[in-house]
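This report concerns only the one structure given below.
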Amino acid sequence: MSADASFQSVAELGAEIHARRISCADAAQQAFDRIHRFDPTLNSFITLVSDAAFAQAKQLDDEIAHGKYRGPLHGVPISIKDHIDTAGIRTTAGARSRIGNVPSTDAGVVKRLKAAGAVIVGKANMNKFADGESGDNPDFGKIRNPWNTAYSPGGSSSGSGAHVAAGIVPLSVGTDNGGSVRIPAALCGIVGLKPTHGRASLEGIFPRLYSLDHPGPLTRSVEDCAIALQILAGHDSGDRTTARQPVPDYRSALHSGIKGMTIGVDHAYVSVGQPDVLSAFNAALDTLRSLGAKIVDVTIPTADQLGAVGNTIASCEYSVAAAQLFHDHPTDFDAAVPPASSTADIKAGALIPAVDFIRATQQRRVLQEVYAKATHDVTAVVTPTYPLAGRPFGGYPRVQDKEFTANDATHYTFAFDVLGVPAISIPCGFSHDGFPIGLQIIARPFDEATVLRAAYAYEQATPWHTRHPVVAAAT
Amino acid sequence: MLRRDALATLAVSGAGILLGGCSPAAAPVDAASAIDIGSLLHQLTDYTLRPNEGSAVLASLQGNRFTAAVDPTIQPTDFDAETDA
């Protein structure tokens with residue numbers, strides 16, 4: 001168990017609640033105590049919902065007193081990225097112009113979390129309209145990385161990453177269409193999972209890129225990630241794109257180890273990044289070998305191939321999503337923080353010929369097939385998650401004496417949104433100046449169990465997940 | 001060889017019809033093009049061009065177009081990410 005109760009996992013806190021050693025109300029109070037201490041520094045919430053949280057916690061305490069226990073999320077405080085609908089709680093998508101948007105119903109994933117007993121303490125600050133990974137919201141301000149508040153936690157699920165890393169909550173739910181769960185996970189030293197497209201419901205989530213968006217959990221441990229995915233995964237009648245694939249017992253599959261597992265590395269692909277990131281990745285390969293995995297070479301489609309397809313699809317889909325926003329609030333994109341889309345980008349997306357879009361979707365099918373064949377003989381593929389250790393606000397640093405671009409920033413993540421396959425980021429070390437580094441593990445469609453199993457084996461063999469940041473409290 | 005296997009082989013090798021469109025097209029942006037893009041935007045969308053915005057719209061358009069000559073007979077049902085992997 002964590003020495004500091006603030007950093008208790010979902011599994012630990014859930015067990016304490018189940019055993020009635022801590023009440024749901026006290027768990028919520030602990031979360032709000034840390035919010036009041038740290039959020040003035042981190043700026044990681046857009047909306048807090050203390051009255052609703054304590055009312056829900058009281059109801060959940062009553063249920064336990066009467067013998068009703070909903071499972072491991074019963075009474076556990078969580079946060080939700082602020083473009084996921086929450087009934088009766090404003091949902092802004094990170095835009096001040098939407099501050100009056102109060103949904104009447106919960107998003108599909110929120111329905112599941114509430115039914116499982118999770119207590120929502122607030123809505124997480126984020127990149128405006130979930131666009132980019134800067135962690136810099138022009139309407140609600142910069143979100144700060146708990147490891148170094150002069151730096152970004154990444155994005156676009158920026159507040160979610162900060163909450164979990166700072167010990168405010170053990171679970172936050174974000175979304176990922178270019179790396180927006182995995183990048184904050186890497187930069188905040190926590191775990192973030194993007195499931196297969198179709199594994200979890202998108203109903204009630206701001207549809208930025210409808211064929212690339214994926215909801216996913218951010219946690220401090222792989223086991224917690226498995227617990228959360230168990231709740232989030234599965235067909236939803238409210239989202240017809242969700243698959244009817246069976247949902248395995250993720251938690252019980254964690255402990256099988258990776259002895260004999262074949263893991264692929266595309267060394268040409270793993271060429272972008274700061275030296276500390278690439279060194280940590282190579283050390284992670286050694287650890288995986290020491291656990292019995294066999295590391296082999298694979299050749300997957302290049303980032304340029306996948307990016308060419310993905311950029312066209314993303315540009316068109318965002319223009320569709322932005323059309324009404326732009327009509328209602330024409331200046332909403334004027335202060336976009338690069339690499340977020342500008343007004344010119346939104347207009348350009350509306351001009352891309354349908355022929356280009358259809359060709360891109362056809363080519364995506366081809367590349368999915370190429371990837372499937374290239375990885376047929378391996379169980380998983382590994383890469384770094386984010387090429388930088390520490391993401392400054394503003395522009396990127398030069399890397400290995402070259403300009404570093406927005407495409408470089410999502411080099412390891414966007415490709416797997418385009419392919420739609422499951423991918424997790426877990427901590428795999430720290431840079432010389434103390435910034436966390438992430439390892440990404442990718443598997444075949446709907447094989448999140450393998451992603452979690454490999455991640456758990458690595459996590460248990462390394463100390464990285466036991467380190468926590470010390471955040472300066474508000475005075 | 002199945003047609004989809006042939007397509008996949010082409011894509012892996014980087015040969016043939018799939019190669020051309022894998023990098024964004026890059027054409028020079030000039031003032032005349034920027035004026036034209038304003039007319040196009042007006043005709044095809046609800047948007048209007050702001051002053052001095054034409055070059056940025058055109059550059060973004062050129063950078064985000066996928067122009068490869070993909071086999072036009074490919075249907076979504078040709079590949080199924082749920083079952084093919």
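Residue numbering restarts at 1 in every chain; chains get A, B, ... in the order shown in the structure tokens, and ligands count up from 1 in that same order.
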Task: For A:Leu73: contacts at 9 Å, only C-alpha atoms, fewer than 4 positions along chain excluded, given as an NGL selection string - done: :A and (10-11 or 13-14 or 77 or 113-114 or 116-119 or 227-228 or 231)
With N, CA and C atoms kept, could you save the residues just selected as a short mmCIF file (atom, residue, chain, number, x, y, z; two decimals), in the first residue's frame?
```cif
data_model
loop_
_atom_site.label_atom_id
_atom_site.label_comp_id
_atom_site.auth_asym_id
_atom_site.auth_seq_id
_atom_site.Cartn_x
_atom_site.Cartn_y
_atom_site.Cartn_z
N VAL A 10 -6.87 2.99 -6.81
CA VAL A 10 -8.30 2.65 -6.81
C VAL A 10 -8.50 1.34 -6.05
N ALA A 11 -7.63 0.37 -6.33
CA ALA A 11 -7.77 -0.94 -5.68
C ALA A 11 -7.64 -0.81 -4.17
N LEU A 13 -7.93 2.03 -2.21
CA LEU A 13 -8.99 2.86 -1.63
C LEU A 13 -10.32 2.12 -1.66
N GLY A 14 -10.58 1.44 -2.78
CA GLY A 14 -11.82 0.67 -2.89
C GLY A 14 -11.92 -0.40 -1.82
N PRO A 77 -13.36 8.72 -5.57
CA PRO A 77 -13.47 10.01 -6.26
C PRO A 77 -12.72 10.00 -7.58
N LEU A 113 -19.66 4.76 -15.14
CA LEU A 113 -18.86 5.07 -13.94
C LEU A 113 -19.75 5.34 -12.74
N LYS A 114 -20.84 6.08 -12.96
CA LYS A 114 -21.75 6.36 -11.84
C LYS A 114 -22.42 5.07 -11.36
N ALA A 116 -21.20 2.27 -11.37
CA ALA A 116 -20.19 1.50 -10.63
C ALA A 116 -19.85 2.14 -9.29
N GLY A 117 -20.43 3.31 -9.02
CA GLY A 117 -20.24 3.94 -7.71
C GLY A 117 -19.18 5.01 -7.65
N ALA A 118 -18.60 5.38 -8.79
CA ALA A 118 -17.58 6.44 -8.77
C ALA A 118 -18.23 7.79 -8.43
N VAL A 119 -17.47 8.60 -7.71
CA VAL A 119 -17.96 9.91 -7.28
C VAL A 119 -17.21 11.00 -8.06
N ILE A 227 -9.11 -2.05 -13.83
CA ILE A 227 -10.40 -1.89 -13.13
C ILE A 227 -11.28 -0.89 -13.88
N ALA A 228 -10.69 0.21 -14.29
CA ALA A 228 -11.47 1.25 -14.99
C ALA A 228 -11.95 0.75 -16.35
N ILE A 231 -15.05 -1.26 -16.44
CA ILE A 231 -16.30 -0.50 -16.35
C ILE A 231 -16.61 0.17 -17.69
#
```
Open item on the list: Show me, as a PyMOL selection string, the residues that have an atom within 6 Å of stretch 347-356 of chain A when counting only C-alpha atoms, minus same-chain residues fewer than 5 positions from it.
Closed with: (chain A and resi 315-316+319) or (chain B and resi 57+60-61+66-67)
Write out the residues from the selection above, keeping C-alpha atoms, as a compact mmCIF listing (two decimals), in the first residue's frame.
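Writing the result to again-v2.txt gives the following:
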```
# COMPACT_ATOMS: atom_id res chain seq x y z
CA SER A 315 -8.96 17.92 -40.86
CA CYS A 316 -12.30 16.99 -42.43
CA SER A 319 -14.31 20.96 -39.68
CA VAL B 57 -6.18 28.60 -45.70
CA SER B 60 -3.48 24.30 -44.65
CA LEU B 61 -5.54 22.85 -47.50
CA PHE B 66 -4.58 13.05 -49.32
CA THR B 67 -4.00 12.75 -53.03
```
Open item on the list: Just want the 10 Å neighbourhood of A:Asp433, counted on only C-alpha atoms, with same-chain residues fewer than 5 positions away dropped. Output as a count of residues only.
Closed with: 3
Task: Sel. of alpha helix (DSSP H) residues, stretch 88-323 of chain A, as number ranges by chain - done: A: 108-115, 158-165, 182-188, 222-232, 275-290, 303-323
Open item on the list: List as a ChimeraX atom specification the protein and nucleic acid residues near stretch 167-174 of chain A, meaning an atom at most 7 Å away when only C-alpha atoms are counted, but skip any in the same chain fewer than 2 places from it.
Closed with: /A:6-7,9-10,31,34-35,77-81,157,160,163-165,176,181,215-220
Task: Selection near stretch 269-272 of chain A, 7 Å with only C-alpha atoms, sequence-local residues under 5 positions removed, as a PyMOL selection string - done: chain A and resi 302+383+387
Expected file: the selected residues, C-alpha atoms, as a short mmCIF file (atom, residue, chain, number, x, y, z; two decimals), in the first residue's frame:
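That gives us out01.cif:
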```cif
data_model
loop_
_atom_site.label_atom_id
_atom_site.label_comp_id
_atom_site.auth_asym_id
_atom_site.auth_seq_id
_atom_site.Cartn_x
_atom_site.Cartn_y
_atom_site.Cartn_z
CA THR A 302 5.68 4.77 -41.35
CA THR A 383 7.66 2.43 -28.67
CA PRO A 387 9.62 12.12 -27.73
#
```
Task: DSSP strand (DSSP E or B) selection over stretch 224-445 of chain A, as a ChimeraX atom specification - done: /A:233,236,239,262-265,294-297,380-384,391-392,399,402,423-430,436-442
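Taking only C-alpha atoms into account, A:Gly179 lies nearest to A:Phe416 out of the set A:Tyr458, A:Phe435, A:Phe416, A:Phe430.
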- [ ] Determine, counting only C-alpha atoms, which protein, DNA and RNA residues have an atom within 12 Å of an atom of B:Gly38; residues of the same chain fewer than 2 positions away are not included. Present the result as a PyMOL selection string.
- [x] (chain A and resi 344+347-348+351) or (chain B and resi 31-36+40-58)
